[in-house]
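Just final-v3.cif here, mmCIF, C-alpha atoms:
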```cif
data_target
loop_
_atom_site.label_atom_id
_atom_site.label_comp_id
_atom_site.auth_asym_id
_atom_site.auth_seq_id
_atom_site.Cartn_x
_atom_site.Cartn_y
_atom_site.Cartn_z
CA MET G 1 16.42 20.60 -13.44
CA ASP G 2 16.99 17.49 -15.50
CA PHE G 3 14.08 15.06 -15.35
CA ALA G 4 15.47 12.57 -17.87
CA PHE G 5 15.54 8.97 -16.63
CA ASP G 6 19.00 7.89 -15.55
CA ALA G 7 20.19 4.41 -16.49
CA ARG G 8 19.02 2.75 -13.27
CA THR G 9 15.56 4.36 -13.40
CA ALA G 10 15.12 3.42 -17.06
CA GLU G 11 16.09 -0.19 -16.36
CA LEU G 12 13.81 -0.51 -13.32
CA ARG G 13 11.00 1.16 -15.22
CA GLU G 14 11.19 -1.38 -18.05
CA ARG G 15 11.24 -4.29 -15.60
CA LEU G 16 8.34 -2.87 -13.62
CA LEU G 17 6.25 -2.27 -16.74
CA ALA G 18 6.85 -5.88 -17.80
CA PHE G 19 5.95 -7.10 -14.28
CA MET G 20 2.70 -5.12 -14.39
CA GLU G 21 1.78 -6.46 -17.83
CA GLU G 22 2.70 -10.09 -17.15
CA TYR G 23 1.68 -10.48 -13.52
CA VAL G 24 -0.22 -7.61 -11.88
CA HIS G 25 -2.97 -6.74 -14.37
CA PRO G 26 -3.86 -10.43 -14.98
CA ALA G 27 -4.00 -10.89 -11.19
CA GLU G 28 -6.72 -8.24 -10.70
CA PRO G 29 -9.69 -10.50 -11.55
CA VAL G 30 -7.95 -13.43 -9.84
CA ALA G 31 -7.68 -11.50 -6.57
CA ALA G 32 -11.38 -10.57 -6.74
CA ALA G 33 -12.41 -14.19 -7.39
CA GLN G 34 -10.21 -15.54 -4.60
CA ARG G 35 -11.46 -12.97 -2.11
CA ALA G 36 -15.05 -14.03 -2.75
CA ARG G 37 -14.12 -17.52 -1.55
CA LEU G 38 -12.22 -16.51 1.61
CA ALA G 39 -13.56 -17.29 5.07
CA SER G 40 -13.09 -13.62 6.01
CA PRO G 41 -13.07 -10.72 3.55
CA TRP G 42 -10.05 -9.35 5.44
CA ASP G 43 -7.90 -12.39 4.73
CA THR G 44 -5.36 -11.97 1.96
CA PRO G 45 -5.94 -13.75 -1.38
CA ALA G 46 -3.21 -16.25 -2.26
CA VAL G 47 -2.31 -14.36 -5.44
CA PHE G 48 -0.90 -11.55 -3.29
CA GLY G 49 1.75 -13.87 -1.93
CA GLU G 50 2.57 -15.05 -5.44
CA LEU G 51 2.95 -11.46 -6.66
CA LYS G 52 5.17 -10.53 -3.72
CA ALA G 53 7.41 -13.54 -4.26
CA GLU G 54 7.80 -12.69 -7.95
CA ALA G 55 8.49 -9.01 -7.22
CA ARG G 56 11.21 -9.96 -4.73
CA ARG G 57 12.70 -12.42 -7.21
CA GLN G 58 12.88 -9.66 -9.81
CA GLY G 59 14.37 -7.11 -7.41
CA LEU G 60 11.25 -4.92 -7.52
CA TRP G 61 11.02 -4.61 -3.73
CA ASN G 62 11.05 -1.70 -1.25
CA LEU G 63 11.62 0.72 -4.11
CA PHE G 64 10.25 3.63 -2.05
CA LEU G 65 12.92 3.65 0.66
CA PRO G 66 15.85 5.98 -0.14
CA ASP G 67 18.00 4.51 2.64
CA ALA G 68 20.12 1.92 0.82
CA GLU G 69 20.64 0.02 4.09
CA TYR G 70 16.95 -0.91 4.13
CA GLY G 71 15.53 -0.26 0.68
CA ALA G 72 16.44 0.22 -2.96
CA GLY G 73 18.36 3.43 -2.25
CA LEU G 74 16.51 5.37 -4.94
CA THR G 75 16.12 9.13 -4.84
CA ASN G 76 12.64 10.64 -4.93
CA LEU G 77 13.25 11.59 -8.56
CA GLN G 78 14.19 8.01 -9.42
CA TYR G 79 11.22 6.56 -7.55
CA ALA G 80 8.60 8.93 -9.01
CA PRO G 81 8.15 7.23 -12.42
CA LEU G 82 8.08 3.82 -10.71
CA ALA G 83 5.37 4.86 -8.27
CA GLU G 84 3.39 6.22 -11.22
CA ILE G 85 3.50 2.79 -12.85
CA THR G 86 2.24 1.04 -9.71
CA GLY G 87 -0.56 3.63 -9.49
CA ARG G 88 -2.14 2.02 -12.55
CA SER G 89 -3.19 -0.85 -10.25
CA PRO G 90 -3.21 0.89 -6.86
CA HIS G 91 -4.76 -1.99 -4.91
CA LEU G 92 -2.33 -4.67 -6.12
CA ALA G 93 0.95 -3.26 -7.43
CA PRO G 94 2.04 -1.28 -4.33
CA MET G 95 1.28 -4.33 -2.14
CA ALA G 96 3.12 -6.65 -4.52
CA THR G 97 6.29 -4.52 -4.39
CA ASN G 98 6.05 -3.75 -0.64
CA CYS G 99 5.51 -0.09 -1.48
CA ALA G 100 2.00 0.34 -0.04
CA ALA G 101 0.83 2.84 2.53
CA PRO G 102 0.65 2.93 5.48
CA ASP G 103 3.56 0.49 5.72
CA THR G 104 5.80 2.71 3.60
CA GLY G 105 5.46 5.68 5.94
CA ASN G 106 5.83 3.47 8.99
CA MET G 107 9.01 1.89 7.62
CA GLU G 108 10.43 5.34 6.85
CA LEU G 109 9.53 6.46 10.36
CA LEU G 110 11.15 3.46 12.03
CA ALA G 111 14.24 3.69 9.83
CA GLN G 112 14.68 7.37 10.74
CA PHE G 113 13.54 7.53 14.37
CA GLY G 114 13.39 3.96 15.72
CA ASN G 115 16.06 2.56 18.02
CA GLU G 116 17.93 -0.65 17.20
CA GLU G 117 15.57 -2.88 19.17
CA GLN G 118 12.50 -1.34 17.50
CA LYS G 119 14.06 -1.75 14.07
CA LYS G 120 14.86 -5.41 14.69
CA GLN G 121 11.45 -6.26 16.12
CA TRP G 122 9.24 -4.32 13.71
CA LEU G 123 11.14 -2.72 10.83
CA GLU G 124 12.86 -5.89 9.64
CA PRO G 125 9.66 -7.97 9.28
CA LEU G 126 7.96 -5.02 7.58
CA LEU G 127 10.82 -4.74 5.11
CA ALA G 128 10.52 -8.46 4.45
CA GLY G 129 6.77 -8.15 3.85
CA GLU G 130 6.06 -10.65 6.63
CA ILE G 131 3.72 -8.37 8.60
CA ARG G 132 1.61 -5.26 8.06
CA SER G 133 1.28 -2.14 10.21
CA ALA G 134 -1.00 0.84 10.85
CA PHE G 135 -0.55 4.49 11.77
CA ALA G 136 -3.08 5.60 14.39
CA MET G 137 -3.44 9.37 14.33
CA THR G 138 -6.91 10.47 13.17
CA GLU G 139 -9.66 10.72 15.80
CA PRO G 140 -13.45 11.01 15.41
CA GLU G 141 -14.09 13.49 18.23
CA VAL G 142 -11.75 16.28 17.10
CA ALA G 143 -10.76 18.04 13.88
CA SER G 144 -7.70 15.91 13.22
CA SER G 145 -6.58 18.15 10.37
CA ASP G 146 -5.07 20.13 13.27
CA ALA G 147 -2.83 17.52 14.90
CA THR G 148 -2.57 19.58 18.08
CA ASN G 149 -6.21 18.58 18.74
CA ILE G 150 -5.33 14.91 19.28
CA GLU G 151 -6.85 13.73 22.57
CA THR G 152 -5.50 10.20 22.99
CA ARG G 153 -3.42 10.01 26.18
CA ILE G 154 -0.05 8.31 26.56
CA GLU G 155 0.67 8.31 30.28
CA ARG G 156 3.55 6.94 32.33
CA SER G 157 2.59 4.17 34.72
CA ALA G 158 3.12 4.61 38.45
CA GLY G 159 6.30 2.56 38.30
CA GLY G 160 7.57 4.43 35.25
CA ASP G 161 8.40 1.29 33.29
CA GLU G 162 5.27 1.35 31.13
CA TYR G 163 3.05 3.73 29.17
CA VAL G 164 -0.75 3.50 29.32
CA ILE G 165 -2.62 4.44 26.14
CA THR G 166 -6.25 5.57 26.24
CA GLY G 167 -8.17 6.97 23.30
CA ARG G 168 -10.26 6.35 20.19
CA LYS G 169 -9.01 6.46 16.61
CA TRP G 170 -10.70 5.92 13.28
CA PHE G 171 -9.88 5.50 9.60
CA ILE G 172 -6.77 3.64 10.67
CA SER G 173 -5.71 2.20 7.32
CA GLY G 174 -4.62 -1.43 7.17
CA ALA G 175 -5.86 -2.27 10.67
CA MET G 176 -8.50 -4.78 9.53
CA ASN G 177 -5.89 -7.02 7.91
CA PRO G 178 -5.03 -9.91 10.28
CA ASP G 179 -1.36 -9.49 9.27
CA CYS G 180 -1.37 -6.01 10.83
CA ARG G 181 0.71 -6.67 13.94
CA ILE G 182 1.78 -3.21 15.11
CA PHE G 183 0.25 0.25 15.53
CA ILE G 184 2.25 3.45 15.62
CA VAL G 185 0.04 5.58 17.86
CA MET G 186 0.13 9.36 18.22
CA GLY G 187 -1.12 10.73 21.52
CA LYS G 188 -0.39 13.31 24.17
CA THR G 189 2.20 12.76 26.88
CA ASP G 190 2.06 16.40 28.02
CA PRO G 191 -1.46 17.74 27.30
CA GLY G 192 -0.90 20.87 29.38
CA GLY G 193 2.46 21.78 27.86
CA ALA G 194 3.11 25.39 26.84
CA ASP G 195 4.08 24.48 23.28
CA PRO G 196 1.12 22.75 21.54
CA ARG G 197 3.59 21.09 19.14
CA ARG G 198 5.53 19.46 21.97
CA GLN G 199 2.59 17.81 23.70
CA GLN G 200 2.45 14.73 21.43
CA SER G 201 4.51 11.56 21.30
CA MET G 202 4.63 8.42 19.15
CA ILE G 203 4.53 4.94 20.62
CA LEU G 204 4.50 1.35 19.33
CA VAL G 205 1.48 -0.70 20.39
CA PRO G 206 1.30 -4.36 19.28
CA ARG G 207 -2.12 -5.31 17.98
CA ASP G 208 -2.50 -8.15 20.51
CA THR G 209 -1.95 -5.83 23.50
CA PRO G 210 -4.78 -6.17 26.07
CA GLY G 211 -6.96 -3.07 25.86
CA VAL G 212 -6.67 -2.73 22.07
CA GLU G 213 -10.03 -3.25 20.34
CA ILE G 214 -10.63 -3.22 16.59
CA ARG G 215 -14.19 -1.98 16.84
CA ARG G 216 -15.38 -1.83 13.21
CA ALA G 217 -14.37 -1.28 9.60
CA MET G 218 -15.00 2.18 8.14
CA THR G 219 -16.19 2.34 4.54
CA VAL G 220 -14.90 4.84 1.99
CA TYR G 221 -17.69 5.83 -0.39
CA GLY G 222 -19.13 2.42 0.39
CA TYR G 223 -15.91 0.53 -0.35
CA GLU G 224 -14.22 -1.45 2.41
CA ASP G 225 -10.83 -1.47 0.65
CA HIS G 226 -10.16 -5.11 1.48
CA ASP G 227 -6.98 -5.27 -0.59
CA HIS G 228 -5.62 -2.26 1.29
CA GLY G 229 -6.41 -3.83 4.66
CA GLY G 230 -9.45 -1.68 5.35
CA HIS G 231 -9.82 1.39 7.55
CA ALA G 232 -10.72 0.66 11.15
CA GLU G 233 -12.08 2.34 14.23
CA VAL G 234 -9.70 1.34 17.02
CA VAL G 235 -10.15 1.88 20.75
CA PHE G 236 -7.22 1.92 23.19
CA ASP G 237 -8.66 1.27 26.64
CA GLY G 238 -5.78 1.44 29.11
CA ALA G 239 -3.46 -0.53 26.80
CA ARG G 240 -0.08 -0.97 28.51
CA VAL G 241 3.24 -1.23 26.66
CA PRO G 242 6.87 -1.08 27.86
CA ALA G 243 8.39 2.39 28.16
CA GLY G 244 10.94 1.30 25.54
CA ASN G 245 8.16 1.33 22.93
CA LEU G 246 8.27 5.14 22.80
CA ILE G 247 9.66 6.32 19.47
CA GLY G 248 12.24 9.04 19.92
CA GLU G 249 11.59 11.31 22.89
CA GLU G 250 8.52 12.54 24.72
CA GLY G 251 7.19 15.59 22.90
CA GLY G 252 8.70 14.58 19.57
CA GLY G 253 5.52 13.16 18.06
CA PHE G 254 4.45 16.21 16.08
CA ALA G 255 7.83 16.56 14.37
CA ILE G 256 7.93 12.81 13.63
CA ALA G 257 4.44 12.97 12.11
CA GLN G 258 5.46 15.83 9.81
CA ALA G 259 8.58 13.94 8.72
CA ARG G 260 6.45 10.88 7.99
CA LEU G 261 3.69 12.67 6.07
CA GLY G 262 5.96 14.61 3.66
CA PRO G 263 7.16 11.64 1.58
CA GLY G 264 3.72 10.03 1.86
CA ARG G 265 2.09 13.02 0.20
CA ILE G 266 4.37 12.89 -2.82
CA HIS G 267 4.04 9.09 -3.11
CA HIS G 268 0.25 9.46 -3.27
CA CYS G 269 0.58 12.08 -6.00
CA MET G 270 2.96 9.90 -8.01
CA ARG G 271 0.49 7.03 -7.92
CA LEU G 272 -2.42 9.33 -8.75
CA ILE G 273 -0.75 10.17 -12.06
CA GLY G 274 -0.67 6.45 -12.82
CA MET G 275 -4.37 6.25 -12.01
CA ALA G 276 -5.02 9.12 -14.42
CA GLU G 277 -3.01 7.41 -17.14
CA ARG G 278 -5.09 4.28 -16.75
CA ALA G 279 -8.26 6.38 -16.96
CA ILE G 280 -7.03 7.94 -20.22
CA GLU G 281 -6.26 4.51 -21.64
CA LEU G 282 -9.72 3.23 -20.71
CA MET G 283 -11.34 6.36 -22.19
CA CYS G 284 -9.50 5.92 -25.48
CA ARG G 285 -10.34 2.23 -25.76
CA ARG G 286 -13.98 2.96 -25.00
CA ALA G 287 -14.13 5.86 -27.43
CA VAL G 288 -12.86 3.87 -30.41
CA GLY G 289 -14.78 0.72 -29.49
CA ARG G 290 -18.31 2.08 -29.06
CA THR G 291 -20.80 3.55 -31.51
CA ALA G 292 -23.66 5.92 -30.70
CA PHE G 293 -25.99 7.75 -33.09
CA GLY G 294 -24.27 6.32 -36.11
CA LYS G 295 -20.62 7.11 -35.30
CA GLU G 296 -17.95 6.06 -32.84
CA LEU G 297 -17.74 7.95 -29.56
CA ALA G 298 -14.24 9.13 -30.52
CA ALA G 299 -15.83 11.33 -33.17
CA GLN G 300 -17.83 13.27 -30.58
CA GLY G 301 -16.32 16.66 -29.83
CA VAL G 302 -16.99 16.44 -26.11
CA VAL G 303 -15.16 13.10 -25.90
CA GLN G 304 -12.19 14.54 -27.76
CA ASN G 305 -12.14 17.46 -25.32
CA TRP G 306 -12.16 15.12 -22.32
CA ILE G 307 -9.22 13.14 -23.68
CA ALA G 308 -7.22 16.19 -24.76
CA ASP G 309 -7.78 17.99 -21.45
CA ALA G 310 -6.80 14.87 -19.53
CA ARG G 311 -3.53 14.54 -21.45
CA VAL G 312 -2.63 18.21 -20.88
CA THR G 313 -3.48 17.94 -17.18
CA VAL G 314 -1.42 14.79 -16.65
CA GLU G 315 1.62 16.31 -18.34
CA GLN G 316 1.36 19.40 -16.14
CA LEU G 317 0.94 17.38 -12.95
CA ARG G 318 3.82 15.06 -13.79
CA LEU G 319 6.20 18.00 -14.28
CA LEU G 320 5.17 19.51 -10.94
CA VAL G 321 5.59 16.17 -9.16
CA LEU G 322 9.02 15.63 -10.73
CA LYS G 323 10.09 19.14 -9.73
CA THR G 324 8.94 18.42 -6.19
CA ALA G 325 10.84 15.14 -6.11
CA TRP G 326 13.96 16.87 -7.42
CA LEU G 327 13.68 19.58 -4.79
CA MET G 328 13.22 17.01 -2.01
CA ASP G 329 16.43 15.35 -3.17
CA THR G 330 18.44 18.56 -3.54
CA ALA G 331 16.97 20.93 -0.94
CA GLY G 332 15.32 18.53 1.51
CA ASN G 333 11.67 18.36 2.54
CA ARG G 334 11.79 21.87 3.99
CA GLY G 335 13.14 23.26 0.74
CA ALA G 336 10.32 21.56 -1.15
CA HIS G 337 7.58 22.55 1.30
CA THR G 338 5.70 24.83 -1.09
CA GLU G 339 5.84 22.31 -3.92
CA ILE G 340 4.75 19.40 -1.69
CA GLN G 341 1.69 21.39 -0.71
CA ALA G 342 1.05 22.44 -4.30
CA ILE G 343 1.00 18.89 -5.64
CA LYS G 344 -1.10 17.71 -2.68
CA ILE G 345 -3.70 20.36 -3.58
CA ALA G 346 -3.56 20.06 -7.37
CA THR G 347 -3.13 16.35 -8.09
CA PRO G 348 -6.14 14.72 -6.36
CA ARG G 349 -8.46 17.47 -7.60
CA ALA G 350 -7.36 17.10 -11.21
CA VAL G 351 -7.31 13.30 -11.21
CA VAL G 352 -10.82 13.19 -9.75
CA ARG G 353 -11.98 15.27 -12.72
CA ILE G 354 -10.25 12.98 -15.21
CA LEU G 355 -11.76 9.90 -13.59
CA ASP G 356 -15.17 11.55 -13.52
CA ASP G 357 -14.99 12.15 -17.27
CA ALA G 358 -13.89 8.55 -17.78
CA VAL G 359 -16.87 7.34 -15.75
CA GLN G 360 -19.17 9.52 -17.86
CA LEU G 361 -17.76 8.08 -21.07
CA HIS G 362 -18.34 4.52 -19.83
CA GLY G 363 -21.96 5.23 -18.93
CA ALA G 364 -23.50 2.71 -16.55
CA GLY G 365 -20.37 0.57 -16.80
CA GLY G 366 -18.34 3.40 -15.33
CA VAL G 367 -20.09 3.24 -11.97
CA SER G 368 -20.09 -0.57 -11.87
CA GLN G 369 -17.68 -3.22 -10.65
CA ASP G 370 -16.94 -4.27 -14.23
CA PHE G 371 -14.46 -1.42 -14.64
CA PRO G 372 -11.98 -0.04 -12.07
CA LEU G 373 -13.07 3.56 -12.56
CA ALA G 374 -15.57 3.92 -9.71
CA GLU G 375 -13.13 2.50 -7.16
CA LEU G 376 -10.30 4.63 -8.56
CA TRP G 377 -12.53 7.71 -8.31
CA ALA G 378 -13.30 6.93 -4.66
CA ALA G 379 -9.60 6.49 -3.91
CA ALA G 380 -8.63 9.74 -5.63
CA ARG G 381 -11.43 11.71 -3.98
CA THR G 382 -10.38 10.39 -0.57
CA LEU G 383 -6.87 11.76 -1.15
CA ARG G 384 -8.30 15.26 -1.00
CA LEU G 385 -8.66 14.48 2.72
CA ALA G 386 -5.86 12.02 3.49
CA ASP G 387 -2.57 13.46 4.80
CA GLY G 388 -4.30 16.79 5.38
CA PRO G 389 -7.35 18.22 3.57
CA ASP G 390 -6.96 20.66 0.68
CA GLU G 391 -7.95 23.63 2.80
CA VAL G 392 -5.19 23.08 5.37
CA HIS G 393 -2.55 23.01 2.64
CA GLN G 394 -4.11 26.04 0.93
CA ARG G 395 -4.03 27.96 4.21
CA SER G 396 -0.39 27.13 4.84
CA LEU G 397 0.63 27.81 1.25
CA ALA G 398 -1.14 31.18 1.24
CA HIS G 399 0.60 32.18 4.48
CA ARG G 400 3.98 31.38 2.93
CA GLU G 401 3.17 33.45 -0.14
CA LEU G 402 1.86 36.40 1.86
CA LYS G 403 4.83 36.32 4.24
CA ARG G 404 7.08 37.61 1.45
CA TYR G 405 5.03 40.79 1.24
CA ARG G 406 4.94 41.61 4.94
#
```

Output the structure of this file as structure tokens.
Amino acid sequence: MDFAFDARTAELRERLLAFMEEYVHPAEPVAAAQRARLASPWDTPAVFGELKAEARRQGLWNLFLPDAEYGAGLTNLQYAPLAEITGRSPHLAPMATNCAAPDTGNMELLAQFGNEEQKKQWLEPLLAGEIRSAFAMTEPEVASSDATNIETRIERSAGGDEYVITGRKWFISGAMNPDCRIFIVMGKTDPGGADPRRQQSMILVPRDTPGVEIRRAMTVYGYEDHDHGGHAEVVFDGARVPAGNLIGEEGGGFAIAQARLGPGRIHHCMRLIGMAERAIELMCRRAVGRTAFGKELAAQGVVQNWIADARVTVEQLRLLVLKTAWLMDTAGNRGAHTEIQAIKIATPRAVVRILDDAVQLHGAGGVSQDFPLAELWAAARTLRLADGPDEVHQRSLAHRELKRYR
């Protein structure tokens, strides 16, 4: 395993670092100030459009998509250090480069499973950054960590030319943004089927379809995640769409969901490492810039331990993420299954601890809006639930380990 940057990765990395320094980080306070003046908190600040235009001009666009027909054509190993860089400003940089969830997963899904008409109508404007999208899977009435529990119904109409969608979803990321034009909805087309993993299907539901109601925004540790497009509760009350909106075949929804979530999990972990790096930088600046009890905080043993432990942890996590990316490229997602689960378990946990120490070092400022640490902590802690909670991945990983001894 060779994790050295190849020439293309090194060149993109330098350009992306310069883009972050010159455009993204200075735009963080600008975005906050502009949002405060918007008619609706869900509208997009103008600086986002400026960042996206600059990123496209510099060729820093759709870096996540390995399919060269649609994206940058980078491997997972090439993309990993770039995603880490964007993780330093997780609310702006992924949006600016069109590499933000849930659009990334939805674009991958459409590129892999969508038909030509679906790609033209929805994938192309997503690739161009002209619209946003949402992935509607999680439901409030069932334990959605087990996707076979999904209760939303996708039923053929009497004439057979339409599907009727009925159900309630929540924490549907991006759905509050008015630019979100399309939902990819997971529901059951065959709820009584013998195979619980063949009961589900995926279907495209335009936001303006009659019967689609954006009921409310869900907060995450009190944050509404405006820059991300929020997280909505969405009700589908007999929403009708053409039969051609089905993605793939009936019964293929579970497999499509697994294919979508695999890359998403590693992308989250890549960005988490960037969040941890920013926390370390903020800790170090705080430690050498503040004095308590007659000496700078950097002289305190506990502060030195926090910083040293954070550096060791980040280096360990990065190596595991790079190994996972390399395996995904060389052995496929199935061949990297154990490692994908390992990083999904390890990375959010460890980064939450690093951010918690950084908050502690910043005192009252750490929990305030004057530093990004509290919001970064909330985002990292949420990723212990997103794309499957820790315990589900631990259960699956343990079964794979034990299987070798049976």

Can you tell me which residues surround segment 30-36 of chain G at a distance of at most 7 Å, considering only C-alpha atoms, apart from same-chain residues fewer than 3 positions away, and format the answer as a short mmCIF file (atom, residue, chain, number, x, y, z; two decimals) with C-alpha atoms, in the coordinates of the input?
```cif
data_model
loop_
_atom_site.label_atom_id
_atom_site.label_comp_id
_atom_site.auth_asym_id
_atom_site.auth_seq_id
_atom_site.Cartn_x
_atom_site.Cartn_y
_atom_site.Cartn_z
CA ALA G 27 -4.00 -10.89 -11.19
CA PRO G 41 -13.07 -10.72 3.55
CA PRO G 45 -5.94 -13.75 -1.38
CA VAL G 47 -2.31 -14.36 -5.44
#
```

Give as a VMD selection string the set of residues within 12 Å of the point (-8.0, 2.6, 14.2), where distances use the file's coordinates and only C-alpha atoms.
-> chain G and resid 133 to 140 152 167 to 177 180 182 to 186 205 207 212 to 218 229 to 236

Output file for the residues above (C-alpha atoms, as an mmCIF file, in the frame of the given file):
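Full text of out_15.cif as output:
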```cif
data_model
loop_
_atom_site.group_PDB
_atom_site.id
_atom_site.type_symbol
_atom_site.label_atom_id
_atom_site.label_comp_id
_atom_site.auth_asym_id
_atom_site.auth_seq_id
_atom_site.Cartn_x
_atom_site.Cartn_y
_atom_site.Cartn_z
ATOM 1 C CA SER G 133 1.280 -2.140 10.210
ATOM 2 C CA ALA G 134 -1.000 0.840 10.850
ATOM 3 C CA PHE G 135 -0.550 4.490 11.770
ATOM 4 C CA ALA G 136 -3.080 5.600 14.390
ATOM 5 C CA MET G 137 -3.440 9.370 14.330
ATOM 6 C CA THR G 138 -6.910 10.470 13.170
ATOM 7 C CA GLU G 139 -9.660 10.720 15.800
ATOM 8 C CA PRO G 140 -13.450 11.010 15.410
ATOM 9 C CA THR G 152 -5.500 10.200 22.990
ATOM 10 C CA GLY G 167 -8.170 6.970 23.300
ATOM 11 C CA ARG G 168 -10.260 6.350 20.190
ATOM 12 C CA LYS G 169 -9.010 6.460 16.610
ATOM 13 C CA TRP G 170 -10.700 5.920 13.280
ATOM 14 C CA PHE G 171 -9.880 5.500 9.600
ATOM 15 C CA ILE G 172 -6.770 3.640 10.670
ATOM 16 C CA SER G 173 -5.710 2.200 7.320
ATOM 17 C CA GLY G 174 -4.620 -1.430 7.170
ATOM 18 C CA ALA G 175 -5.860 -2.270 10.670
ATOM 19 C CA MET G 176 -8.500 -4.780 9.530
ATOM 20 C CA ASN G 177 -5.890 -7.020 7.910
ATOM 21 C CA CYS G 180 -1.370 -6.010 10.830
ATOM 22 C CA ILE G 182 1.780 -3.210 15.110
ATOM 23 C CA PHE G 183 0.250 0.250 15.530
ATOM 24 C CA ILE G 184 2.250 3.450 15.620
ATOM 25 C CA VAL G 185 0.040 5.580 17.860
ATOM 26 C CA MET G 186 0.130 9.360 18.220
ATOM 27 C CA VAL G 205 1.480 -0.700 20.390
ATOM 28 C CA ARG G 207 -2.120 -5.310 17.980
ATOM 29 C CA VAL G 212 -6.670 -2.730 22.070
ATOM 30 C CA GLU G 213 -10.030 -3.250 20.340
ATOM 31 C CA ILE G 214 -10.630 -3.220 16.590
ATOM 32 C CA ARG G 215 -14.190 -1.980 16.840
ATOM 33 C CA ARG G 216 -15.380 -1.830 13.210
ATOM 34 C CA ALA G 217 -14.370 -1.280 9.600
ATOM 35 C CA MET G 218 -15.000 2.180 8.140
ATOM 36 C CA GLY G 229 -6.410 -3.830 4.660
ATOM 37 C CA GLY G 230 -9.450 -1.680 5.350
ATOM 38 C CA HIS G 231 -9.820 1.390 7.550
ATOM 39 C CA ALA G 232 -10.720 0.660 11.150
ATOM 40 C CA GLU G 233 -12.080 2.340 14.230
ATOM 41 C CA VAL G 234 -9.700 1.340 17.020
ATOM 42 C CA VAL G 235 -10.150 1.880 20.750
ATOM 43 C CA PHE G 236 -7.220 1.920 23.190
#
```

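Between atom CA of Ser89 of chain G and atom CA of Glu375 of chain G there is a distance of 10.9 Å.
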
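Candidate residues G:Ile280, G:Arg56, G:Val351, G:Glu21 were compared for distance to Gln316 of chain G, and the nearest is G:Val351, using all atoms listed in the file.
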
Selection result of the PyMOL selection byres ((chain G and resi 61) around 12) on this file, as a PyMOL selection string | chain G and resi 12+15-16+19+51-60+62-65+70-74+79+82-83+93-100+104+126-129
